[in-house]
file query-v1.tsv (TSV, C-alpha atoms)
chain	number	residue	atom	x	y	z
K	146	GLY	CA	177.77	195.04	17.24
K	147	ALA	CA	178.28	192.85	20.34
K	148	VAL	CA	177.71	189.48	18.72
K	149	VAL	CA	178.53	186.23	20.44
K	150	SER	CA	178.69	183.00	18.49
K	151	GLN	CA	178.77	179.39	19.61
K	152	HIS	CA	179.99	176.36	17.74
K	153	PRO	CA	178.58	173.88	17.16
K	154	SER	CA	174.92	174.82	17.38
K	155	TRP	CA	174.05	171.22	18.06
K	156	VAL	CA	175.99	168.02	18.62
K	157	ILE	CA	175.13	164.37	19.14
K	158	CYS	CA	177.75	162.12	20.68
K	159	LYS	CA	178.13	158.66	22.17
K	160	SER	CA	178.34	158.12	25.88
K	161	GLY	CA	181.94	158.26	27.10
K	162	THR	CA	183.23	160.65	24.49
K	163	SER	CA	184.27	164.27	25.02
K	164	VAL	CA	182.70	167.27	23.36
K	165	LYS	CA	184.14	170.76	22.97
K	166	ILE	CA	181.92	173.81	22.63
K	167	GLU	CA	183.36	177.15	21.53
K	168	CYS	CA	182.13	180.59	22.53
K	169	ARG	CA	183.45	183.55	20.56
K	170	SER	CA	182.89	187.27	20.87
K	171	LEU	CA	182.96	188.37	17.24
K	172	ASP	CA	183.34	192.13	17.42
K	173	PHE	CA	184.55	192.86	20.92
K	174	GLN	CA	187.02	191.62	23.47
K	175	ALA	CA	185.62	189.89	26.52
K	176	THR	CA	187.62	189.63	29.70
K	177	THR	CA	184.81	187.63	31.28
K	178	MET	CA	182.60	184.94	29.84
K	179	PHE	CA	179.94	182.88	31.58
K	180	TRP	CA	178.75	179.35	30.87
K	181	TYR	CA	175.20	178.28	31.60
K	182	ARG	CA	173.19	175.13	31.07
K	183	GLN	CA	169.47	175.07	30.58
K	184	PHE	CA	167.20	172.06	30.95
K	185	PRO	CA	163.91	171.92	29.05
K	186	LYS	CA	161.41	174.46	30.32
K	187	GLN	CA	163.78	175.54	33.07
K	188	SER	CA	165.92	178.53	33.85
K	189	LEU	CA	169.56	179.07	33.12
K	190	MET	CA	171.89	177.58	35.67
K	191	LEU	CA	175.25	179.29	35.93
K	192	MET	CA	178.01	176.72	35.68
K	193	ALA	CA	181.15	178.83	35.80
K	194	THR	CA	182.73	182.21	35.27
K	195	SER	CA	185.58	182.23	32.80
K	196	ASN	CA	188.26	184.92	32.97
K	197	GLU	CA	190.88	185.34	30.28
K	198	GLY	CA	194.26	184.03	31.33
K	199	SER	CA	193.15	182.52	34.62
K	200	LYS	CA	191.33	179.50	35.96
K	201	ALA	CA	187.57	179.45	35.77
K	202	THR	CA	185.44	179.87	38.87
K	203	TYR	CA	182.92	177.07	39.16
K	204	GLU	CA	179.58	177.25	40.90
K	205	GLN	CA	178.84	174.91	43.75
K	206	GLY	CA	177.94	171.45	42.57
K	207	VAL	CA	179.55	171.78	39.14
K	208	GLU	CA	182.33	169.26	38.55
K	209	LYS	CA	185.36	171.14	37.31
K	210	ASP	CA	187.05	167.96	36.09
K	211	LYS	CA	184.03	167.09	34.00
K	212	PHE	CA	183.33	170.52	32.57
K	213	LEU	CA	186.70	171.91	31.51
K	214	ILE	CA	186.75	175.60	30.70
K	215	ASN	CA	189.56	177.36	28.90
K	216	HIS	CA	189.54	181.10	28.23
K	217	ALA	CA	192.65	181.27	26.10
K	218	SER	CA	192.09	184.66	24.50
K	219	LEU	CA	189.95	187.75	24.82
K	220	THR	CA	187.58	186.45	22.16
K	221	LEU	CA	187.39	182.73	22.83
K	222	SER	CA	186.28	180.50	25.67
K	223	THR	CA	185.77	176.77	25.35
K	224	LEU	CA	183.75	174.31	27.39
K	225	THR	CA	184.73	170.66	27.12
K	226	VAL	CA	182.33	168.07	28.46
K	227	THR	CA	184.55	165.12	29.28
K	228	SER	CA	183.32	161.53	29.29
K	229	ALA	CA	179.83	162.67	28.46
K	230	HIS	CA	176.82	160.74	29.70
K	231	PRO	CA	173.12	161.02	28.82
K	232	GLU	CA	172.46	163.15	31.90
K	233	ASP	CA	174.80	165.77	30.43
K	234	SER	CA	172.36	166.30	27.57
K	235	SER	CA	171.29	169.90	27.80
K	236	PHE	CA	171.31	173.30	26.15
K	237	TYR	CA	174.56	175.10	26.89
K	238	ILE	CA	174.68	178.88	26.58
K	239	CYS	CA	177.61	181.24	26.96
K	240	SER	CA	177.63	184.97	27.53
K	241	ALA	CA	180.35	187.59	27.30
K	242	VAL	CA	180.99	190.92	28.95
K	243	PRO	CA	182.76	193.53	26.80
K	244	GLY	CA	186.07	194.31	28.40
K	245	PHE	CA	186.69	197.84	27.38
K	246	GLU	CA	183.30	199.46	27.05
K	247	ILE	CA	181.14	201.25	29.51
K	248	THR	CA	178.30	198.79	29.55
K	249	ASP	CA	176.58	196.56	32.03
K	250	THR	CA	175.14	194.18	29.50
K	251	GLN	CA	176.06	190.56	29.02
K	252	TYR	CA	175.72	189.37	25.44
K	253	PHE	CA	174.54	185.81	24.96
K	254	GLY	CA	175.42	183.25	22.36
K	255	PRO	CA	172.70	181.31	20.53
K	256	GLY	CA	173.34	178.16	22.53
K	257	THR	CA	174.56	174.63	21.81
K	258	ARG	CA	172.26	171.67	22.16
K	259	LEU	CA	174.14	168.59	23.33
K	260	THR	CA	172.56	165.16	23.07
K	261	VAL	CA	174.46	162.23	24.52
K	262	LEU	CA	173.28	158.81	23.39
N	26	ALA	CA	172.94	185.69	48.33
N	27	GLN	CA	170.83	187.27	45.66
N	28	SER	CA	167.74	185.60	44.24
N	29	VAL	CA	164.91	186.40	41.89
N	30	ALA	CA	161.40	184.99	41.72
N	31	GLN	CA	159.00	184.87	38.81
N	32	PRO	CA	155.74	183.66	40.34
N	33	GLU	CA	154.00	182.83	37.07
N	34	ASP	CA	155.07	179.92	34.87
N	35	GLN	CA	152.87	181.18	32.06
N	36	VAL	CA	150.95	184.32	31.18
N	37	ASN	CA	148.28	184.46	28.50
N	38	VAL	CA	147.26	187.80	27.01
N	39	ALA	CA	145.09	188.71	24.06
N	40	GLU	CA	146.77	190.60	21.27
N	41	GLY	CA	146.41	194.35	21.73
N	42	ASN	CA	145.91	194.11	25.50
N	43	PRO	CA	148.47	195.33	28.02
N	44	LEU	CA	150.76	192.70	29.48
N	45	THR	CA	152.63	192.35	32.76
N	46	VAL	CA	155.23	189.73	33.67
N	47	LYS	CA	156.01	189.74	37.36
N	48	CYS	CA	159.39	189.62	39.06
N	49	THR	CA	160.50	190.07	42.65
N	50	TYR	CA	164.04	190.04	43.90
N	51	SER	CA	166.11	189.63	47.02
N	52	VAL	CA	169.54	191.17	47.33
N	53	SER	CA	171.57	192.90	49.98
N	54	GLY	CA	172.35	196.42	48.95
N	55	ASN	CA	171.31	198.08	45.73
N	56	PRO	CA	170.00	195.72	43.06
N	57	TYR	CA	171.04	195.61	39.44
N	58	LEU	CA	168.06	194.20	37.56
N	59	PHE	CA	167.67	192.86	34.03
N	60	TRP	CA	165.06	191.40	31.71
N	61	TYR	CA	165.96	189.01	28.90
N	62	VAL	CA	163.83	187.26	26.29
N	63	GLN	CA	164.47	183.84	24.76
N	64	TYR	CA	162.94	182.52	21.57
N	65	PRO	CA	162.86	178.74	20.91
N	66	ASN	CA	166.31	177.16	20.60
N	67	ARG	CA	167.95	180.56	20.80
N	68	GLY	CA	170.15	182.37	23.27
N	69	LEU	CA	168.95	185.23	25.38
N	70	GLN	CA	168.34	188.72	24.07
N	71	PHE	CA	168.72	191.72	26.34
N	72	LEU	CA	165.54	193.79	26.81
N	73	LEU	CA	166.29	196.33	29.51
N	74	LYS	CA	168.04	196.96	32.78
N	75	TYR	CA	167.76	199.02	35.95
N	76	ILE	CA	170.97	200.25	37.49
N	77	THR	CA	170.02	203.58	39.02
N	78	GLY	CA	167.91	206.64	38.27
N	79	ASP	CA	164.30	206.68	37.10
N	80	ASN	CA	162.20	203.82	38.38
N	81	LEU	CA	160.54	203.36	34.99
N	82	VAL	CA	162.96	201.86	32.52
N	83	LYS	CA	162.25	201.66	28.81
N	84	GLY	CA	163.76	198.95	26.69
N	85	SER	CA	163.64	197.17	23.36
N	86	TYR	CA	160.50	196.26	21.37
N	87	GLY	CA	158.28	198.65	23.36
N	88	PHE	CA	158.83	196.93	26.70
N	89	GLU	CA	159.30	198.78	29.94
N	90	ALA	CA	159.78	197.80	33.56
N	91	GLU	CA	159.10	199.54	36.82
N	92	PHE	CA	161.50	199.27	39.72
N	93	ASN	CA	159.72	199.33	43.08
N	94	LYS	CA	162.13	199.29	45.97
N	95	SER	CA	159.53	198.98	48.74
N	96	GLN	CA	157.95	195.96	47.10
N	97	THR	CA	161.29	194.62	45.81
N	98	SER	CA	159.71	194.17	42.41
N	99	PHE	CA	160.73	194.77	38.80
N	100	HIS	CA	157.69	193.88	36.69
N	101	LEU	CA	157.94	193.87	32.91
N	102	LYS	CA	155.17	195.64	31.03
N	103	LYS	CA	154.01	196.51	27.55
N	104	PRO	CA	150.95	198.65	26.73
N	105	SER	CA	149.81	196.61	23.74
N	106	ALA	CA	150.88	193.02	23.19
N	107	LEU	CA	151.85	191.55	19.83
N	108	VAL	CA	151.69	187.90	18.82
N	109	SER	CA	155.41	188.13	18.11
N	110	ASP	CA	156.00	188.88	21.80
N	111	SER	CA	155.27	185.24	22.57
N	112	ALA	CA	158.47	183.88	24.11
N	113	LEU	CA	160.17	182.95	27.37
N	114	TYR	CA	161.06	185.91	29.58
N	115	PHE	CA	163.71	185.90	32.27
N	116	CYS	CA	164.20	188.37	35.09
N	117	ALA	CA	167.71	188.52	36.50
N	118	VAL	CA	169.61	190.22	39.30
N	119	ARG	CA	173.22	191.06	39.96
N	120	GLN	CA	174.31	191.90	43.46
N	121	THR	CA	177.11	194.31	42.66
N	122	GLY	CA	177.95	197.08	40.29
N	123	ASN	CA	180.79	194.98	38.94
N	124	ARG	CA	179.80	193.98	35.42
N	125	ASP	CA	182.05	190.93	35.65
N	126	ASP	CA	180.00	189.62	38.55
N	127	LYS	CA	177.55	186.81	37.95
N	128	ILE	CA	173.87	187.31	37.18
N	129	ILE	CA	171.24	185.08	38.76
N	130	PHE	CA	168.20	184.29	36.65
N	131	GLY	CA	164.62	183.58	37.63
N	132	LYS	CA	162.98	180.41	36.36
N	133	GLY	CA	161.34	182.20	33.49
N	134	THR	CA	157.78	183.04	32.48
N	135	ARG	CA	156.34	181.84	29.21
N	136	LEU	CA	154.28	184.54	27.57
N	137	HIS	CA	151.53	183.53	25.14
N	138	ILE	CA	149.92	186.27	23.11
N	139	LEU	CA	146.63	185.06	21.70
N	140	PRO	CA	145.59	186.40	18.28
call {"tool": "encode", "arguments": {"input": "query-v1.tsv", "output": "structure tokens"}}
result
Amino acid sequence: GAVVSQHPSWVICKSGTSVKIECRSLDFQATTMFWYRQFPKQSLMLMATSNEGSKATYEQGVEKDKFLINHASLTLSTLTVTSAHPEDSSFYICSAVPGFEITDTQYFGPGTRLTVL
Amino acid sequence: AQSVAQPEDQVNVAEGNPLTVKCTYSVSGNPYLFWYVQYPNRGLQFLLKYITGDNLVKGSYGFEAEFNKSQTSFHLKKPSALVSDSALYFCAVRQTGNRDDKIIFGKGTRLHILP
């Protein structure tokens, strides 16, 4: 149990276009999901905390108008990179916290590699 | 604000030898500590956590970690390394007991197990 999926697993897009990445909790409901980005050989940088039914909380320095997060249901959060540029190329990872279980563990998705040409 | 440090970028260990991956933390109050492992182009997999109780925590794949409050450390250990343990390991800390609170990750330590 506790599987988190991401779609797509990789995407290549042209500069100026928008890209949507989906994060789904497959067998549990998640009231909270987190979005991270990871540069090559570097750690995970928390971008935002996504709560179902409310606005996401962005970390300092993360542009909320560029990285749109929507947590529309208890099993789905989406990250849209708007007007993508080459510097947005990165590995994006989401994680989910089960909403109704006694657990302290975040479950991570497999990641989405975004390449902007 | 909480932070976590992994002083080694890379650790090399011969197969069969014990391994240690170091982690120190800084947090006000009681720490909630985690270890995750990442294989190439994959998300993170949970290994173990310390919330309270025994200082020695046992986790997945034979790994364990020892919480040392006086040294503010949470080193990851395994008695006998396997080649398949080669991966990127992240230590992480959460400042509160609220599971919806954010987790801060260290920069990661790449573990190479030499056959």
call {"tool": "residues_around", "arguments": {"input": "query-v1.tsv", "residues": "Val82 (chain N)", "least_positions_apart": "2", "cutoff": "12 Å", "atoms": "only C-alpha atoms", "output": "ChimeraX atom specification"}}
result
/N:58-60,72-80,84-85,87-93,99-103
call {"tool": "write_last_selection", "arguments": {"input": "query-v1.tsv", "atoms": "C-alpha atoms", "output": "compact mmCIF listing (two decimals), keeping the file's coordinate frame"}}
result
# COMPACT_ATOMS: atom_id res chain seq x y z
CA LEU N 58 168.06 194.20 37.56
CA PHE N 59 167.67 192.86 34.03
CA TRP N 60 165.06 191.40 31.71
CA LEU N 72 165.54 193.79 26.81
CA LEU N 73 166.29 196.33 29.51
CA LYS N 74 168.04 196.96 32.78
CA TYR N 75 167.76 199.02 35.95
CA ILE N 76 170.97 200.25 37.49
CA THR N 77 170.02 203.58 39.02
CA GLY N 78 167.91 206.64 38.27
CA ASP N 79 164.30 206.68 37.10
CA ASN N 80 162.20 203.82 38.38
CA GLY N 84 163.76 198.95 26.69
CA SER N 85 163.64 197.17 23.36
CA GLY N 87 158.28 198.65 23.36
CA PHE N 88 158.83 196.93 26.70
CA GLU N 89 159.30 198.78 29.94
CA ALA N 90 159.78 197.80 33.56
CA GLU N 91 159.10 199.54 36.82
CA PHE N 92 161.50 199.27 39.72
CA ASN N 93 159.72 199.33 43.08
CA PHE N 99 160.73 194.77 38.80
CA HIS N 100 157.69 193.88 36.69
CA LEU N 101 157.94 193.87 32.91
CA LYS N 102 155.17 195.64 31.03
CA LYS N 103 154.01 196.51 27.55
call {"tool": "interface_residues", "arguments": {"input": "query-v1.tsv", "of": "chain N", "to": "chain K", "cutoff": "7 Å", "atoms": "only C-alpha atoms", "output": "ChimeraX atom specification"}}
result
/N:67-70,124-125,130-133
call {"tool": "atom_distance", "arguments": {"input": "query-v1.tsv", "atom1": "CA of Lys200 (chain K)", "atom2": "CA of Gln174 (chain K)"}}
result
17.9 Å
call {"tool": "residues_around", "arguments": {"input": "query-v1.tsv", "residues": "region 159-162 of chain K", "least_positions_apart": "4", "cutoff": "12 Å", "atoms": "all atoms listed in the file", "output": "ChimeraX atom specification"}}
result
/K:211,225-234,259-262
call {"tool": "atom_distance", "arguments": {"input": "query-v1.tsv", "atom1": "CA of Ala26 (chain N)", "atom2": "CA of Ser51 (chain N)"}}
result
8.0 Å
call {"tool": "residues_near_point", "arguments": {"input": "query-v1.tsv", "point": "(157.5, 187.2, 41.8)", "cutoff": "8 Å", "atoms": "only C-alpha atoms", "output": "PDB file with C-alpha atoms, keeping the file's coordinate frame"}}
result
ATOM      1  CA  VAL N  29     164.910 186.400  41.890  1.00  0.00           C
ATOM      2  CA  ALA N  30     161.400 184.990  41.720  1.00  0.00           C
ATOM      3  CA  GLN N  31     159.000 184.870  38.810  1.00  0.00           C
ATOM      4  CA  PRO N  32     155.740 183.660  40.340  1.00  0.00           C
ATOM      5  CA  GLU N  33     154.000 182.830  37.070  1.00  0.00           C
ATOM      6  CA  LYS N  47     156.010 189.740  37.360  1.00  0.00           C
ATOM      7  CA  CYS N  48     159.390 189.620  39.060  1.00  0.00           C
ATOM      8  CA  THR N  49     160.500 190.070  42.650  1.00  0.00           C
ATOM      9  CA  TYR N  50     164.040 190.040  43.900  1.00  0.00           C
ATOM     10  CA  SER N  98     159.710 194.170  42.410  1.00  0.00           C
TER      11      SER N  98
END
call {"tool": "atom_distance", "arguments": {"input": "query-v1.tsv", "atom1": "CA of Arg169 (chain K)", "atom2": "CA of Ser199 (chain K)"}}
result
17.1 Å
call {"tool": "axis_aligned_box", "arguments": {"input": "query-v1.tsv", "around": "region 254-258 of chain K", "padding_each_side": "6 Å", "output": "JSON"}}
result
{"center_x": 173.8, "center_y": 177.5, "center_z": 21.5, "size_x": 15.2, "size_y": 23.6, "size_z": 14.0}
call {"tool": "residues_near_point", "arguments": {"input": "query-v1.tsv", "point": "(176.5, 176.2, 37.5)", "cutoff": "8 Å", "atoms": "only C-alpha atoms", "output": "PyMOL selection string"}}
result
chain K and resi 180-182+190-193+203-207
